Amino acid sequence: MDKSAAILIVDDYLLIRTHVRQVLAELGFLNVFQADNGKTAQDLMRKQQIDIVVGDWGMPVMSGIDLLKWMRTDHRYANTPFMMLTAEANPQSVRTALQAGVNAYMIKPFTVHSFACKFMSMLGVQLETAPGPFARQGMSAPAPMPKPAAAPAPVPPAAAVLPESNVIGLDAPIGERVKKSTVLIVDDIPTNIEVLAGVLKDDYAIKVAISGRKALEIADAFHIDLILLDIMMPAMDGFETCRQLKANPKTAHIPIIFLSARDGTEDVVAGLRLGAVDYVSKPADPTILKARLSAHLLLATAMQDIKRQNELLIENARLREDVERITRHDLKSPIAVALHGSQALLASPLTQAQREQALMIETAAENALEMINRTLDVYKMEQGSYQPVLQMFDLGEMLERVCRQARFTFDSGDVTVVYDKPDEVMCLGEPLLCYSLFNNVLKNAIEASPPGGRVSVHIAPGYGNLHVMVDNAGEVPQAARERFFEKYAPSSKTGGNGLGTYSIRLMAEVQGGSVSMDTGHGRTRLTITLPCP
């Protein structure tokens with residue numbers, strides 16, 4: 001099976017689908033579809049050929065077992081591998097799934113590694129335990145996969161070995177988790193507690209406290225999902241209890257519903273200002289009370305899910321930034337060697353064919369270097385976190401290389417690039433960043449020039465700085481002039497993304513320089529100012 005195999009994840013819980021998709025990506029499968037119930041999956045499979053299905057058992061509208069039974073009666077999916085993910089661990093459920101034609105049965109919760117092993121084993125590939133998700137040593141050779149009779153779905157080689165520690169499937173769907181919530185009832189009158197506990201005990205786990213002090217101890221020691229809090233209590237009333245609960249980081253997130261015979265406007269407002277989510281007057285109607293509890297528990301659980309997902313996204317973004325930084329750092333060295341080597345060759349006697357090959361190597365290395373420099377740098381410059389490594393370098397020599405590359409890249413007589421290299425002109429900046437900056441400037445100037453146009457580059461000294469002027473024929477459209485250096489500025493250039501001149505400005509400013517544009521009378525000049533010693 002190649003890595004383009006179409007895989008469908010069917011589960012009514014978004015986090016399960018997200019985690020399973022991430023594991024499949026680690027294994028090399030990127031062609032992944034998702035559905036939140038069996039009926040949605042069935043509709044998708046009628047339109048889109050699917051090679052492998054990973055599905056939950058219990059889902060609304062259509063269950064996973066019903067989806068599996070339908071697949072086995074459809075000639076397109078009679079032999080399609082199906083992996084069942086379920087919390088159903090009893091032997092009868094396993095027998096039912098086997099009789100329906102399941103290929104693998106995975107009980108929730110499960111670890112990343114156990115899922116990966118069972119998934120790949122279903123496809124005929126064996127994985128071995130490894131200490132980390134990116135380890136590749138010690139893997140067993142993939143076993144040949146038996147070819148199914150219909151709808152063959154190719155199997156990829158094991159692309160990654162995954163850790164044992166990450167657990168998937170611990171969280172049930174939000175509706176099931178709310179039913180297992182723990183409610184703390186706080187009231188100094190035992191009969192009130194008995195009445196409330198009797199109303200709620202069939203739906204929630206109940207804990208009770210007969211004083212504010214005891215409520216604080218229980219909330220600090222146990223997991224509490226919601227607190228029903230009376231206001232009128234001796235020693236410590238409900239308002240003070242709420243104030244202390246919200247002051248404790250460990251209990252501040254717990255939703256509090258005030259339950260009291262004091263239903264005056266000032267009491268309701270005072271309770272809400274302290275951080276309560278609702279206020280119910282005694283005696284409470286059981287139906288209304290249960291509806292309000294359910295609504296607030298659903299909201300609180302959803303907010304916790306969002307918080308966890310945000311934390312996961314932040315961590316993934318941080319990991320991606322770290323990986324990109326390491327990759328960029330590791331790639332720069334070999335590319336710099338190729339660049340310097342090609343330039344050394346160009347300075348020596350070469351045949352015409354050899355010179356063309358050396359120029360091709362130089363151009364490819366410079367283009368690769370520019371792409372690496374610009375992957376993450378623009379974002380860091382926007383955030384103010386980019387720290388340039390300033391050093392002395394010969395700006396005139398650098399511009400000569402940029403112009404030479406431009407002439408080679410735009411191998412045409414339509415536009416002429418003119419540059420007279422001055423004697424040593426030392427500049428203070430980051431050489432690689434400046435190379436990307438001027439390469440971008442010259443590329444834009446050439447692309448903006450009409451056929452037969454002329455692009456000229458020259459350096460002028462300033463007071464404590466240097467000015468590089470790049471002139472080209474053609475004017476910037478009137479509508480684009482005011483926003484020329486802004487992000488996503490309008491441009492008449494085909495295929496432009498509105499980031500070229502914006503990144504030029506950022507690259508200049510982050511090195512203590514500036515950039516300006518002057519256009520009119522059939523010409524456009526870009527002036528880049530950089531500091532000099």
# chains A, B, ... in the order shown; residues from 1 in each chain; ligands from 1
$ closest_atom_pairs --of "stretch 205-246 of chain A" --to "stretch 280-297 of chain A" --cutoff "10 Å" --atoms "only C-alpha atoms" --output "JSON lines"
{"residue": "A:Asp225", "atom": "CA", "partner": "A:Leu297", "partner_atom": "CA", "distance": 7.2}
{"residue": "A:Leu226", "atom": "CA", "partner": "A:Leu297", "partner_atom": "CA", "distance": 7.1}
{"residue": "A:Ile227", "atom": "CA", "partner": "A:Leu293", "partner_atom": "CA", "distance": 9.6}
{"residue": "A:Leu228", "atom": "CA", "partner": "A:Leu293", "partner_atom": "CA", "distance": 9.1}
{"residue": "A:Leu229", "atom": "CA", "partner": "A:Val280", "partner_atom": "CA", "distance": 9.9}
{"residue": "A:Asp230", "atom": "CA", "partner": "A:Lys282", "partner_atom": "CA", "distance": 9.5}
$ write_last_selection --atoms "C-alpha atoms" --output "PDB file, in the first residue's frame"
ATOM      1  CA  ASP A 225     -17.332  19.711  38.216  1.00  0.00           C
ATOM      2  CA  LEU A 226     -20.004  22.063  39.618  1.00  0.00           C
ATOM      3  CA  ILE A 227     -21.003  23.528  42.984  1.00  0.00           C
ATOM      4  CA  LEU A 228     -24.557  24.234  44.166  1.00  0.00           C
ATOM      5  CA  LEU A 229     -23.967  26.826  46.876  1.00  0.00           C
ATOM      6  CA  ASP A 230     -26.423  28.165  49.454  1.00  0.00           C
TER       7      ASP A 230
END
$ residues_around --residues "A:Gln309" --least-positions-apart "3" --cutoff "12 Å" --atoms "only C-alpha atoms" --output "list of chain:residue names"
A:Leu14, A:Leu15, A:Ile16, A:Thr18, A:His19, A:Ala302, A:Met303, A:Gln304, A:Asp305, A:Ile306, A:Leu312, A:Leu313, A:Ile314, A:Glu315, A:Asn316
$ residues_around --residues "stretch 330-341 of chain A" --least-positions-apart "4" --cutoff "7 Å" --atoms "only C-alpha atoms" --output "ChimeraX atom specification"
/A:326,345,362,365-366,369
$ residues_around --residues "A:Asp188" --least-positions-apart "4" --cutoff "8 Å" --atoms "only C-alpha atoms" --output "PyMOL selection string"
chain A and resi 209-211+230+233-234
$ atom_distance --atom1 "atom CA of A:Thr80" --atom2 "atom CA of A:Gly64"
14.3 Å
$ select_by_dssp --residues "stretch 333-499 of chain A" --states "strand (DSSP E)" --output "list in words"
Gln391, Met392, Phe393, Asp394, Thr416, Val417, Val418, Tyr419, Met426, Cys427, Leu428, Gly429, Arg454, Val455, Ser456, Val457, His458, Ile459, Ala460, Pro461, Asn465, Leu466, His467, Val468, Met469, Val470, Asp471, Asn472 and Ala473 of chain A
$ write_last_selection --atoms "C-alpha atoms" --output "JSON list (two decimals), in the first residue's frame"
[["chain", "number", "residue", "atom", "x", "y", "z"],
["A", 391, "GLN", "CA", 28.70, 41.89, 10.92],
["A", 392, "MET", "CA", 30.93, 43.74, 8.49],
["A", 393, "PHE", "CA", 30.78, 42.67, 4.84],
["A", 394, "ASP", "CA", 31.51, 44.09, 1.38],
["A", 416, "THR", "CA", 19.26, 44.79, -19.05],
["A", 417, "VAL", "CA", 20.79, 44.82, -15.56],
["A", 418, "VAL", "CA", 23.48, 47.51, -15.13],
["A", 419, "TYR", "CA", 25.78, 47.63, -12.13],
["A", 426, "MET", "CA", 31.79, 47.95, 3.86],
["A", 427, "CYS", "CA", 28.34, 47.60, 5.34],
["A", 428, "LEU", "CA", 27.04, 46.55, 8.75],
["A", 429, "GLY", "CA", 24.30, 43.93, 8.52],
["A", 454, "ARG", "CA", 16.84, 48.72, -18.08],
["A", 455, "VAL", "CA", 17.43, 48.07, -14.37],
["A", 456, "SER", "CA", 20.31, 49.98, -12.80],
["A", 457, "VAL", "CA", 21.84, 49.43, -9.37],
["A", 458, "HIS", "CA", 24.22, 51.84, -7.68],
["A", 459, "ILE", "CA", 25.48, 52.66, -4.18],
["A", 460, "ALA", "CA", 25.66, 56.13, -2.64],
["A", 461, "PRO", "CA", 27.31, 56.93, 0.72],
["A", 465, "ASN", "CA", 24.86, 54.67, 6.32],
["A", 466, "LEU", "CA", 24.79, 53.50, 2.72],
["A", 467, "HIS", "CA", 22.02, 53.92, 0.16],
["A", 468, "VAL", "CA", 21.41, 51.31, -2.53],
["A", 469, "MET", "CA", 19.24, 52.64, -5.36],
["A", 470, "VAL", "CA", 17.53, 50.25, -7.76],
["A", 471, "ASP", "CA", 15.91, 51.98, -10.76],
["A", 472, "ASN", "CA", 13.68, 50.35, -13.34],
["A", 473, "ALA", "CA", 11.42, 51.47, -16.17]]
$ closest_residue --among "A:Met398, A:Ala6, A:Ile65, A:Arg21" --to "A:Ile52" --atoms "only C-alpha atoms"
A:Ala6
$ closest_residue --among "A:Ala445, A:Met45, A:Val277, A:Leu216" --to "A:Phe258" --atoms "only C-alpha atoms"
A:Val277
$ residues_around --residues "A:Arg273" --least-positions-apart "2" --cutoff "12 Å" --atoms "only C-alpha atoms" --output "short mmCIF file (atom, residue, chain, number, x, y, z; two decimals) with C-alpha atoms, in the first residue's frame"
data_model
loop_
_atom_site.label_atom_id
_atom_site.label_comp_id
_atom_site.auth_asym_id
_atom_site.auth_seq_id
_atom_site.Cartn_x
_atom_site.Cartn_y
_atom_site.Cartn_z
CA PHE A 239 -20.69 34.85 49.11
CA CYS A 242 -17.51 31.75 46.50
CA ARG A 243 -14.92 34.51 46.95
CA LYS A 246 -12.43 31.88 42.99
CA ILE A 256 -20.87 27.87 40.90
CA PHE A 258 -26.09 30.03 43.93
CA GLU A 266 -28.94 42.98 44.72
CA ASP A 267 -28.32 39.38 45.82
CA VAL A 268 -28.38 38.04 42.25
CA VAL A 269 -26.06 40.79 41.00
CA ALA A 270 -23.69 40.32 43.96
CA GLY A 271 -23.45 36.58 43.26
CA GLY A 275 -18.01 34.79 39.53
CA ALA A 276 -21.11 32.57 39.84
CA VAL A 277 -22.53 31.32 36.54
CA ASP A 278 -26.19 31.24 37.64
CA TYR A 279 -28.62 31.98 40.46
#
$ residues_around --residues "stretch 217-219 of chain A" --least-positions-apart "2" --cutoff "12 Å" --atoms "only C-alpha atoms" --output "ChimeraX atom specification"
/A:182-186,206-215,221-228,241-242,244-246,248-256
$ closest_residue --among "A:Tyr379, A:Phe484, A:Tyr386, A:Tyr502" --to "A:Leu437" --atoms "only C-alpha atoms"
A:Tyr502
$ atom_distance --atom1 "atom CA of A:Glu424" --atom2 "atom CA of A:Gly396"
6.6 Å
$ select_by_dssp --residues "stretch 413-515 of chain A" --states "helix (DSSP H, G or I)" --output "MDAnalysis selection string"
chainID A and resid 431:448 478:481 500:510
